Amino acid sequence: MSVIDTLRFALRSLTAHRLRTLLSATGIGIGIAAVILLTSIGEGIHQFVISEFTQFGTNIITVTPGKIRTHGRSLGAIGSARLLTIEDALALRDSRYVQHVNAGVMGNAEIRASGRSRRVTVYGESPDFAHTFNMNVASGRFLPEDDPRNPRAYAVLGSKVRTELFGSANPLGATLQVGLSRFRVIGVMESKGQVLGFDLDDTVFLPTTRALEIFNREGVMEINIAYRPSAPLEAVVDDIRRILVSRHGREDFTITPQQQMLNTLNTVLDVLIFAVAALGSISLLVGAVGMVTLMHIAVTERVAEIGLLTALGATRARVRILFLTESTVLATLGGLGGLATGVGIAWLLKSLSIGLPVQIPWNYTASALGISVLIGLAAGVIPAMRAARLNPIEALRAE
C-alpha cells in the first residue's frame, strides 16, 4: 500500500463511524482551543503589563531610602535610614552616565481654582521629570529650571484636572490653591490615561521642594535616574552607589534598575502563561483518553477486517501503520478544528474591544497542534500493536 492508499484507508475508516469520529475529534479540539484561548489571554496580559512599564523608557534606575537587607536582630537607632534629599539628586547629576535626575514625592491634597475644588494626587517633581519619563506638555510648559532649594510656586495640571476645574477656559496664568499654598498654572500635560492603576491625568505637578512643604516631609520618596542607553548597567549602578555612599557614609539606600524589574516581571509572566497552558492541557488530556478508548473499540469491532487484511498479505508492520495513521489523522483533524476555534474566539475577543488584552502566541499555537499529532500517535500505539498481534485465522473466524 502506498502512502496515499494508507491515508485513504484511514479516512474511510473514520467516515464509516461519523458520530464516534466527531465526538473523539471534538475532545481533542476542545483541548487545543482551551490551550490557545488561555495562552492568548495570558500573552495579552503579558504584553500589556510590559508595555505599561516600558512606555516611560527602559534606561531608568530608581533609588529609594533604606537598604533592603535582613538582619538577625533589630539595629535600633543605629540602623535607621538616612533620608534622600534634593542635595542627593543634585550630586547624582555629576555622574558621567546620567542624562536626567528627578527627585520625586507624592501625596494627596485638595486643590481649588475657579470656585471649584477636588482632591487629587499631587506629584512633587524636578524639571527633569518630563524628560526622564517621556511625558509631553500639551500647552504651556513644564516646571522650569529654578533653584531646586527655593523654586517658584508654579504648577502643571493633568488633562483631567484642567477639564474639571477650568472646563474649556484657558488655565495658563490662573491661580491654583493646593492645601494652604497658592501656585500659578504654567502648563497642561498631554493625556496619559491609566498606568498600572494610577490616573496620570487626574494629577497636579509641583516643584519637589514645594511639595515637601505641603506634605510636611523632610526627604523625597525616590530619585529617578535616566542614564545613557549605551552605558553598561553595572557601571551606572556602581557610580550611583559611589556618589551616594560618599555622601551618606554607608549604603543606606536601595538601587533598583528598571531592567532588573522587567526581567523579574518577564519571568513571572512567562510562568503565568505556562500555568494557564497547563490548565488548558487538562482538557487535552481528557480528549486523549477518549481517543485511546475509541481506538481500542475500533480494534475490537474490526477483528474480521484485520484478519482479511492479513490474509491478503498485509504484514504486522503494515497493520500497525494503518491504525497509527488512523489515530494520527483523527487527532490532526481535531487539532485543526480546535486551532480554528481557539484562534477565532481569541480574534473575536480582541476585535470586540472589551478591555481584555488578547494576543495569540503562535509558538504555543504551533506547539498545541504538534501535541495533538503526538497524542494521535500515542493513542494509537497500543491498539495498533494489539491489532497486529491478532491471529489471521482466528480473526477471520470472528466474521
# chains A, B, ... in the order shown; residues from 1 in each chain; ligands from 1

call {"tool": "residues_around", "arguments": {"residues": "Gln260 of chain A", "least_positions_apart": "6", "cutoff": "10 Å", "atoms": "only C-alpha atoms", "output": "PyMOL selection string"}}
result
chain A and resi 58+61+233+266

call {"tool": "residues_around", "arguments": {"residues": "segment 324-330 of chain A", "least_positions_apart": "3", "cutoff": "6 Å", "atoms": "only C-alpha atoms", "output": "short mmCIF file (atom, residue, chain, number, x, y, z; two decimals) with C-alpha atoms, in the first residue's frame"}}
result
data_model
loop_
_atom_site.label_atom_id
_atom_site.label_comp_id
_atom_site.auth_asym_id
_atom_site.auth_seq_id
_atom_site.Cartn_x
_atom_site.Cartn_y
_atom_site.Cartn_z
CA ALA A 10 -7.74 5.76 7.36
CA ILE A 321 0.89 1.65 10.35
CA LEU A 333 -8.35 16.85 12.30
CA VAL A 373 -0.43 14.88 16.39
CA GLY A 376 -2.77 10.64 17.94
CA LEU A 377 0.43 8.62 17.66
CA GLY A 380 -2.83 4.52 18.52
#

call {"tool": "residues_around", "arguments": {"residues": "Thr39 of chain A", "least_positions_apart": "5", "cutoff": "9 Å", "atoms": "only C-alpha atoms", "output": "list in words"}}
result
Ala34, Gly44, Ile273, Phe274, Ala275, Val276, Ala277, Gly280, Val358, Gln359, Ile360, Pro361, Tyr364 and Thr365 of chain A

call {"tool": "residues_around", "arguments": {"residues": "Trp362 of chain A", "least_positions_apart": "2", "cutoff": "12 Å", "atoms": "only C-alpha atoms", "output": "list of chain:residue names"}}
result
A:Val35, A:Ile36, A:Leu37, A:Thr39, A:Ser40, A:Glu43, A:Leu339, A:Gly342, A:Val343, A:Gln359, A:Ile360, A:Tyr364, A:Thr365, A:Ala366, A:Ser367, A:Ala368, A:Leu369

call {"tool": "write_last_selection", "arguments": {"atoms": "C-alpha atoms", "output": "tab-separated table (two decimals), in the first residue's frame"}}
result
chain	number	residue	atom	x	y	z
A	35	VAL	CA	-4.87	25.99	25.34
A	36	ILE	CA	-4.88	28.62	22.59
A	37	LEU	CA	-7.54	30.78	24.23
A	39	THR	CA	-2.46	31.38	26.42
A	40	SER	CA	-3.77	34.18	24.19
A	43	GLU	CA	0.18	36.61	26.42
A	339	LEU	CA	-6.92	25.61	16.29
A	342	GLY	CA	-9.37	28.95	19.55
A	343	VAL	CA	-7.90	31.49	17.12
A	359	GLN	CA	-2.55	38.32	21.83
A	360	ILE	CA	-2.28	34.97	20.06
A	364	TYR	CA	2.07	27.91	21.77
A	365	THR	CA	-0.39	27.51	18.89
A	366	ALA	CA	2.10	25.52	16.82
A	367	SER	CA	3.07	23.51	19.90
A	368	ALA	CA	-0.57	22.67	20.64
A	369	LEU	CA	-1.08	21.42	17.09

call {"tool": "residues_around", "arguments": {"residues": "Gly187 of chain A", "least_positions_apart": "6", "cutoff": "7 Å", "atoms": "only C-alpha atoms", "output": "list in words"}}
result
Val137, Ser139, Gly140, Arg141, Phe142, Val156, Leu157 and Leu172 of chain A

call {"tool": "select_by_dssp", "arguments": {"residues": "segment 37-140 of chain A", "states": "alpha helix (DSSP H)", "output": "ChimeraX atom specification"}}
result
/A:37-54,86-92,129-132

call {"tool": "write_last_selection", "arguments": {"atoms": "C-alpha atoms", "output": "compact mmCIF listing (two decimals), in the first residue's frame"}}
result
# COMPACT_ATOMS: atom_id res chain seq x y z
CA LEU A 37 -7.54 30.78 24.23
CA LEU A 38 -5.97 30.75 27.70
CA THR A 39 -2.46 31.38 26.42
CA SER A 40 -3.77 34.18 24.19
CA ILE A 41 -5.23 35.93 27.21
CA GLY A 42 -2.05 35.27 29.20
CA GLU A 43 0.18 36.61 26.42
CA GLY A 44 -2.09 39.64 26.04
CA ILE A 45 -1.76 40.41 29.76
CA HIS A 46 2.00 39.87 29.47
CA GLN A 47 2.41 42.38 26.67
CA PHE A 48 0.01 44.85 28.31
CA VAL A 49 1.92 44.87 31.61
CA ILE A 50 5.31 45.14 29.91
CA SER A 51 4.09 48.00 27.70
CA GLU A 52 2.79 49.82 30.78
CA PHE A 53 6.24 49.61 32.37
CA THR A 54 8.27 50.41 29.28
CA ILE A 86 17.32 67.30 46.96
CA GLU A 87 21.07 67.59 47.54
CA ASP A 88 21.47 63.86 46.83
CA ALA A 89 19.71 64.31 43.49
CA LEU A 90 21.95 67.27 42.63
CA ALA A 91 25.05 65.22 43.46
CA LEU A 92 23.92 62.39 41.17
CA PHE A 129 10.70 64.70 35.22
CA ALA A 130 9.20 65.18 31.76
CA HIS A 131 12.45 64.10 30.07
CA THR A 132 13.03 61.17 32.42

call {"tool": "residues_around", "arguments": {"residues": "Val204 of chain A", "least_positions_apart": "5", "cutoff": "10 Å", "atoms": "only C-alpha atoms", "output": "compact mmCIF listing (two decimals) with C-alpha atoms, in the first residue's frame"}}
result
# COMPACT_ATOMS: atom_id res chain seq x y z
CA ASN A 108 -2.92 63.55 48.16
CA ALA A 109 -4.24 67.07 48.58
CA ILE A 111 -6.98 71.77 45.20
CA VAL A 120 -6.24 64.75 43.56
CA THR A 121 -2.83 63.12 43.60
CA VAL A 122 -0.09 65.74 43.80
CA TYR A 123 3.36 64.93 42.46
CA GLY A 124 6.40 66.88 43.55
CA ALA A 155 2.00 74.17 38.89
CA VAL A 156 1.36 71.97 35.87
CA LEU A 157 -2.04 70.30 35.53
CA GLY A 158 -3.03 66.88 34.29
CA SER A 159 -5.54 66.97 31.43
CA LYS A 160 -8.42 65.72 33.57
CA VAL A 161 -7.79 68.25 36.34
CA ARG A 162 -7.69 71.01 33.77
CA LEU A 176 -4.34 77.21 41.86
CA VAL A 178 -3.04 73.36 46.83
CA VAL A 185 -0.54 77.36 36.46
CA VAL A 188 -1.11 71.32 30.99
CA MET A 189 0.18 67.80 30.32

call {"tool": "closest_residue", "arguments": {"among": "A:Leu336, A:Leu165, A:Ile223, A:Met135", "to": "Leu200 of chain A", "atoms": "only C-alpha atoms"}}
result
A:Met135

call {"tool": "residues_around", "arguments": {"residues": "Phe253 of chain A", "least_positions_apart": "6", "cutoff": "6 Å", "atoms": "only C-alpha atoms", "output": "JSON, numbers by chain"}}
result
{"A": [64, 65, 66, 67]}

call {"tool": "atom_distance", "arguments": {"atom1": "atom CA of Gly173 of chain A", "atom2": "atom CA of Pro151 of chain A"}}
result
16.9 Å

call {"tool": "select_by_dssp", "arguments": {"residues": "segment 83-240 of chain A", "states": "strand (DSSP E or B)", "output": "mmCIF file with N, CA, C and O atoms, in the first residue's frame"}}
result
data_model
loop_
_atom_site.group_PDB
_atom_site.id
_atom_site.type_symbol
_atom_site.label_atom_id
_atom_site.label_comp_id
_atom_site.auth_asym_id
_atom_site.auth_seq_id
_atom_site.Cartn_x
_atom_site.Cartn_y
_atom_site.Cartn_z
ATOM 1 N N LEU A 84 16.671 60.488 51.625
ATOM 2 C CA LEU A 84 17.182 61.001 50.359
ATOM 3 C C LEU A 84 16.696 62.440 50.210
ATOM 4 O O LEU A 84 15.526 62.752 50.486
ATOM 5 N N VAL A 98 24.844 59.767 33.657
ATOM 6 C CA VAL A 98 23.478 60.251 33.886
ATOM 7 C C VAL A 98 23.075 61.278 32.840
ATOM 8 O O VAL A 98 23.846 62.175 32.489
ATOM 9 N N GLN A 99 21.825 61.131 32.350
ATOM 10 C CA GLN A 99 21.232 62.135 31.461
ATOM 11 C C GLN A 99 20.281 63.058 32.220
ATOM 12 O O GLN A 99 20.339 64.279 32.070
ATOM 13 N N HIS A 100 19.395 62.462 33.015
ATOM 14 C CA HIS A 100 18.409 63.250 33.758
ATOM 15 C C HIS A 100 18.265 62.665 35.158
ATOM 16 O O HIS A 100 18.353 61.449 35.350
ATOM 17 N N VAL A 101 18.007 63.536 36.123
ATOM 18 C CA VAL A 101 17.781 63.120 37.510
ATOM 19 C C VAL A 101 16.512 63.797 38.005
ATOM 20 O O VAL A 101 16.324 65.007 37.830
ATOM 21 N N ASN A 102 15.647 62.998 38.618
ATOM 22 C CA ASN A 102 14.385 63.532 39.125
ATOM 23 C C ASN A 102 14.183 63.073 40.563
ATOM 24 O O ASN A 102 14.201 61.872 40.852
ATOM 25 N N ALA A 103 14.014 64.036 41.478
ATOM 26 C CA ALA A 103 13.695 63.735 42.867
ATOM 27 C C ALA A 103 12.193 63.892 43.046
ATOM 28 O O ALA A 103 11.644 64.964 42.790
ATOM 29 N N GLY A 104 11.523 62.815 43.440
ATOM 30 C CA GLY A 104 10.065 62.842 43.464
ATOM 31 C C GLY A 104 9.450 62.532 44.811
ATOM 32 O O GLY A 104 10.008 61.799 45.629
ATOM 33 N N VAL A 105 8.290 63.113 45.032
ATOM 34 C CA VAL A 105 7.481 62.845 46.207
ATOM 35 C C VAL A 105 6.020 62.887 45.775
ATOM 36 O O VAL A 105 5.664 63.597 44.822
ATOM 37 N N MET A 106 5.185 62.119 46.443
ATOM 38 C CA MET A 106 3.788 62.028 46.025
ATOM 39 C C MET A 106 2.882 62.071 47.244
ATOM 40 O O MET A 106 3.244 61.585 48.325
ATOM 41 N N GLY A 107 1.723 62.662 47.072
ATOM 42 C CA GLY A 107 0.751 62.712 48.151
ATOM 43 C C GLY A 107 -0.621 63.089 47.628
ATOM 44 O O GLY A 107 -0.825 63.262 46.420
ATOM 45 N N ASN A 108 -1.553 63.218 48.526
ATOM 46 C CA ASN A 108 -2.920 63.553 48.164
ATOM 47 C C ASN A 108 -3.291 64.877 48.812
ATOM 48 O O ASN A 108 -3.007 65.090 49.991
ATOM 49 N N ALA A 109 -3.902 65.757 48.039
ATOM 50 C CA ALA A 109 -4.242 67.071 48.580
ATOM 51 C C ALA A 109 -5.477 67.613 47.888
ATOM 52 O O ALA A 109 -5.819 67.213 46.769
ATOM 53 N N GLU A 110 -6.130 68.542 48.572
ATOM 54 C CA GLU A 110 -7.300 69.210 47.988
ATOM 55 C C GLU A 110 -6.828 70.442 47.234
ATOM 56 O O GLU A 110 -6.009 71.224 47.727
ATOM 57 N N ILE A 111 -7.341 70.615 46.015
ATOM 58 C CA ILE A 111 -6.978 71.768 45.198
ATOM 59 C C ILE A 111 -8.229 72.592 44.911
ATOM 60 O O ILE A 111 -9.336 72.054 44.857
ATOM 61 N N ARG A 112 -8.013 73.900 44.687
ATOM 62 C CA ARG A 112 -9.130 74.797 44.410
ATOM 63 C C ARG A 112 -8.731 75.762 43.309
ATOM 64 O O ARG A 112 -7.603 76.247 43.270
ATOM 65 N N ALA A 113 -9.692 76.039 42.439
ATOM 66 C CA ALA A 113 -9.484 77.036 41.379
ATOM 67 C C ALA A 113 -10.826 77.337 40.732
ATOM 68 O O ALA A 113 -11.678 76.443 40.583
ATOM 69 N N ARG A 116 -14.043 76.023 42.167
ATOM 70 C CA ARG A 116 -14.245 74.577 42.223
ATOM 71 C C ARG A 116 -13.104 73.943 43.009
ATOM 72 O O ARG A 116 -12.000 74.480 43.080
ATOM 73 N N SER A 117 -13.398 72.804 43.601
ATOM 74 C CA SER A 117 -12.366 72.099 44.362
ATOM 75 C C SER A 117 -12.512 70.596 44.158
ATOM 76 O O SER A 117 -13.601 70.100 43.849
ATOM 77 N N ARG A 118 -11.427 69.884 44.295
ATOM 78 C CA ARG A 118 -11.433 68.428 44.211
ATOM 79 C C ARG A 118 -10.150 67.918 44.861
ATOM 80 O O ARG A 118 -9.155 68.651 44.993
ATOM 81 N N ARG A 119 -10.156 66.667 45.250
ATOM 82 C CA ARG A 119 -8.967 66.048 45.857
ATOM 83 C C ARG A 119 -8.275 65.205 44.801
ATOM 84 O O ARG A 119 -8.902 64.347 44.179
ATOM 85 N N VAL A 120 -6.989 65.433 44.607
ATOM 86 C CA VAL A 120 -6.243 64.748 43.560
ATOM 87 C C VAL A 120 -4.889 64.297 44.095
ATOM 88 O O VAL A 120 -4.474 64.658 45.201
ATOM 89 N N THR A 121 -4.198 63.515 43.286
ATOM 90 C CA THR A 121 -2.830 63.121 43.596
ATOM 91 C C THR A 121 -1.892 64.250 43.166
ATOM 92 O O THR A 121 -1.964 64.725 42.028
ATOM 93 N N VAL A 122 -1.047 64.661 44.065
ATOM 94 C CA VAL A 122 -0.094 65.742 43.798
ATOM 95 C C VAL A 122 1.309 65.134 43.739
ATOM 96 O O VAL A 122 1.733 64.430 44.656
ATOM 97 N N TYR A 123 1.995 65.419 42.645
ATOM 98 C CA TYR A 123 3.363 64.934 42.462
ATOM 99 C C TYR A 123 4.328 66.108 42.611
ATOM 100 O O TYR A 123 4.182 67.134 41.932
ATOM 101 N N GLY A 124 5.305 65.940 43.489
ATOM 102 C CA GLY A 124 6.401 66.884 43.554
ATOM 103 C C GLY A 124 7.535 66.358 42.700
ATOM 104 O O GLY A 124 8.071 65.270 42.978
ATOM 105 N N GLU A 125 7.878 67.073 41.647
ATOM 106 C CA GLU A 125 8.862 66.581 40.684
ATOM 107 C C GLU A 125 9.883 67.661 40.347
ATOM 108 O O GLU A 125 9.626 68.858 40.497
ATOM 109 N N VAL A 137 4.078 67.949 27.186
ATOM 110 C CA VAL A 137 3.198 69.044 27.610
ATOM 111 C C VAL A 137 2.285 69.409 26.446
ATOM 112 O O VAL A 137 2.739 69.603 25.315
ATOM 113 N N ALA A 138 0.978 69.494 26.728
ATOM 114 C CA ALA A 138 0.014 69.838 25.679
ATOM 115 C C ALA A 138 -0.028 71.346 25.437
ATOM 116 O O ALA A 138 -0.127 71.799 24.296
ATOM 117 N N SER A 139 0.047 72.114 26.492
ATOM 118 C CA SER A 139 0.054 73.578 26.349
ATOM 119 C C SER A 139 0.878 74.167 27.476
ATOM 120 O O SER A 139 0.996 73.606 28.562
ATOM 121 N N GLY A 140 1.452 75.324 27.208
ATOM 122 C CA GLY A 140 2.316 75.947 28.200
ATOM 123 C C GLY A 140 3.664 75.250 28.260
ATOM 124 O O GLY A 140 4.234 74.868 27.237
ATOM 125 N N TYR A 154 5.066 77.312 40.923
ATOM 126 C CA TYR A 154 4.418 77.005 39.649
ATOM 127 C C TYR A 154 3.750 75.629 39.743
ATOM 128 O O TYR A 154 4.174 74.765 40.519
ATOM 129 N N ALA A 155 2.721 75.456 38.926
ATOM 130 C CA ALA A 155 2.004 74.173 38.889
ATOM 131 C C ALA A 155 1.706 73.803 37.445
ATOM 132 O O ALA A 155 1.461 74.678 36.606
ATOM 133 N N VAL A 156 1.731 72.503 37.180
ATOM 134 C CA VAL A 156 1.356 71.966 35.870
ATOM 135 C C VAL A 156 0.220 70.981 36.097
ATOM 136 O O VAL A 156 0.301 70.109 36.980
ATOM 137 N N LEU A 157 -0.836 71.097 35.320
ATOM 138 C CA LEU A 157 -2.042 70.296 35.527
ATOM 139 C C LEU A 157 -2.072 69.079 34.626
ATOM 140 O O LEU A 157 -1.604 69.113 33.484
ATOM 141 N N THR A 175 -4.594 81.039 39.071
ATOM 142 C CA THR A 175 -4.084 80.698 40.403
ATOM 143 C C THR A 175 -4.716 79.393 40.873
ATOM 144 O O THR A 175 -5.935 79.225 40.807
ATOM 145 N N LEU A 176 -3.886 78.500 41.347
ATOM 146 C CA LEU A 176 -4.342 77.209 41.864
ATOM 147 C C LEU A 176 -3.936 77.104 43.318
ATOM 148 O O LEU A 176 -2.760 77.303 43.667
ATOM 149 N N GLN A 177 -4.890 76.796 44.180
ATOM 150 C CA GLN A 177 -4.595 76.619 45.600
ATOM 151 C C GLN A 177 -4.448 75.132 45.890
ATOM 152 O O GLN A 177 -5.346 74.334 45.619
ATOM 153 N N VAL A 178 -3.308 74.742 46.425
ATOM 154 C CA VAL A 178 -3.043 73.357 46.825
ATOM 155 C C VAL A 178 -2.823 73.360 48.325
ATOM 156 O O VAL A 178 -1.823 73.895 48.813
ATOM 157 N N SER A 181 -1.368 76.542 50.155
ATOM 158 C CA SER A 181 -0.415 77.285 49.314
ATOM 159 C C SER A 181 -1.037 77.623 47.970
ATOM 160 O O SER A 181 -1.920 76.910 47.474
ATOM 161 N N ARG A 182 -0.528 78.703 47.360
ATOM 162 C CA ARG A 182 -1.034 79.134 46.066
ATOM 163 C C ARG A 182 0.050 78.980 45.002
ATOM 164 O O ARG A 182 1.228 79.265 45.263
ATOM 165 N N PHE A 183 -0.379 78.538 43.812
ATOM 166 C CA PHE A 183 0.549 78.311 42.711
ATOM 167 C C PHE A 183 -0.028 78.924 41.435
ATOM 168 O O PHE A 183 -1.251 79.029 41.281
ATOM 169 N N ARG A 184 0.861 79.278 40.536
ATOM 170 C CA ARG A 184 0.431 79.785 39.241
ATOM 171 C C ARG A 184 0.548 78.657 38.215
ATOM 172 O O ARG A 184 1.592 78.013 38.105
ATOM 173 N N VAL A 185 -0.515 78.424 37.462
ATOM 174 C CA VAL A 185 -0.536 77.357 36.461
ATOM 175 C C VAL A 185 0.253 77.815 35.234
ATOM 176 O O VAL A 185 -0.034 78.874 34.657
ATOM 177 N N ILE A 186 1.235 77.019 34.842
ATOM 178 C CA ILE A 186 2.066 77.381 33.677
ATOM 179 C C ILE A 186 1.991 76.331 32.562
ATOM 180 O O ILE A 186 2.566 76.543 31.492
ATOM 181 N N GLY A 187 1.285 75.220 32.787
ATOM 182 C CA GLY A 187 1.235 74.207 31.747
ATOM 183 C C GLY A 187 0.170 73.153 31.995
ATOM 184 O O GLY A 187 -0.341 73.008 33.113
ATOM 185 N N VAL A 188 -0.171 72.440 30.921
ATOM 186 C CA VAL A 188 -1.112 71.319 30.986
ATOM 187 C C VAL A 188 -0.467 70.146 30.260
ATOM 188 O O VAL A 188 0.008 70.291 29.130
ATOM 189 N N MET A 189 -0.458 68.973 30.894
ATOM 190 C CA MET A 189 0.178 67.798 30.316
ATOM 191 C C MET A 189 -0.734 67.113 29.298
ATOM 192 O O MET A 189 -1.971 67.240 29.368
ATOM 193 N N GLN A 194 -4.732 55.809 32.339
ATOM 194 C CA GLN A 194 -4.425 54.949 33.474
ATOM 195 C C GLN A 194 -3.125 54.196 33.220
ATOM 196 O O GLN A 194 -2.950 53.576 32.180
ATOM 197 N N VAL A 195 -2.239 54.219 34.176
ATOM 198 C CA VAL A 195 -0.983 53.473 34.104
ATOM 199 C C VAL A 195 -0.832 52.686 35.391
ATOM 200 O O VAL A 195 -0.614 53.269 36.457
ATOM 201 N N PHE A 198 -2.845 53.973 38.257
ATOM 202 C CA PHE A 198 -2.720 55.399 38.583
ATOM 203 C C PHE A 198 -3.218 56.241 37.410
ATOM 204 O O PHE A 198 -2.789 56.038 36.277
ATOM 205 N N ASP A 199 -4.113 57.172 37.702
ATOM 206 C CA ASP A 199 -4.628 58.066 36.674
ATOM 207 C C ASP A 199 -3.700 59.274 36.592
ATOM 208 O O ASP A 199 -3.766 60.193 37.423
ATOM 209 N N THR A 203 -4.031 64.643 38.071
ATOM 210 C CA THR A 203 -2.882 64.965 38.905
ATOM 211 C C THR A 203 -2.499 66.430 38.756
ATOM 212 O O THR A 203 -2.897 67.112 37.807
ATOM 213 N N VAL A 204 -1.680 66.861 39.693
ATOM 214 C CA VAL A 204 -1.057 68.187 39.639
ATOM 215 C C VAL A 204 0.430 67.993 39.915
ATOM 216 O O VAL A 204 0.808 67.266 40.842
ATOM 217 N N PHE A 205 1.260 68.641 39.114
ATOM 218 C CA PHE A 205 2.712 68.547 39.273
ATOM 219 C C PHE A 205 3.235 69.857 39.856
ATOM 220 O O PHE A 205 2.978 70.945 39.316
ATOM 221 N N LEU A 206 3.988 69.744 40.954
ATOM 222 C CA LEU A 206 4.572 70.892 41.630
ATOM 223 C C LEU A 206 6.084 70.698 41.745
ATOM 224 O O LEU A 206 6.577 69.570 41.653
ATOM 225 N N PRO A 207 6.846 71.748 41.976
ATOM 226 C CA PRO A 207 8.264 71.577 42.270
ATOM 227 C C PRO A 207 8.446 70.730 43.528
ATOM 228 O O PRO A 207 7.661 70.820 44.481
ATOM 229 N N VAL A 220 12.731 63.113 50.060
ATOM 230 C CA VAL A 220 11.931 62.663 48.915
ATOM 231 C C VAL A 220 11.667 61.172 49.024
ATOM 232 O O VAL A 220 12.349 60.441 49.754
ATOM 233 N N GLU A 222 11.729 59.033 46.359
ATOM 234 C CA GLU A 222 12.637 58.306 45.470
ATOM 235 C C GLU A 222 13.346 59.286 44.552
ATOM 236 O O GLU A 222 12.894 60.424 44.360
ATOM 237 N N ILE A 223 14.451 58.805 44.005
ATOM 238 C CA ILE A 223 15.186 59.564 42.994
ATOM 239 C C ILE A 223 15.253 58.702 41.739
ATOM 240 O O ILE A 223 15.694 57.549 41.796
ATOM 241 N N ASN A 224 14.777 59.250 40.639
ATOM 242 C CA ASN A 224 14.777 58.530 39.369
ATOM 243 C C ASN A 224 15.901 59.051 38.492
ATOM 244 O O ASN A 224 16.066 60.256 38.337
ATOM 245 N N ILE A 225 16.654 58.133 37.922
ATOM 246 C CA ILE A 225 17.814 58.492 37.109
ATOM 247 C C ILE A 225 17.660 57.877 35.726
ATOM 248 O O ILE A 225 17.482 56.659 35.602
ATOM 249 N N ALA A 226 17.702 58.706 34.702
ATOM 250 C CA ALA A 226 17.722 58.225 33.322
ATOM 251 C C ALA A 226 19.171 58.287 32.843
ATOM 252 O O ALA A 226 19.773 59.356 32.808
ATOM 253 N N TYR A 227 19.721 57.107 32.504
ATOM 254 C CA TYR A 227 21.122 57.052 32.083
ATOM 255 C C TYR A 227 21.218 56.841 30.578
ATOM 256 O O TYR A 227 20.226 56.497 29.916
#

call {"tool": "closest_residue", "arguments": {"among": "A:Thr332, A:Asn170, A:Asn59, A:Gln259", "to": "Asn134 of chain A", "atoms": "only C-alpha atoms"}}
result
A:Asn59
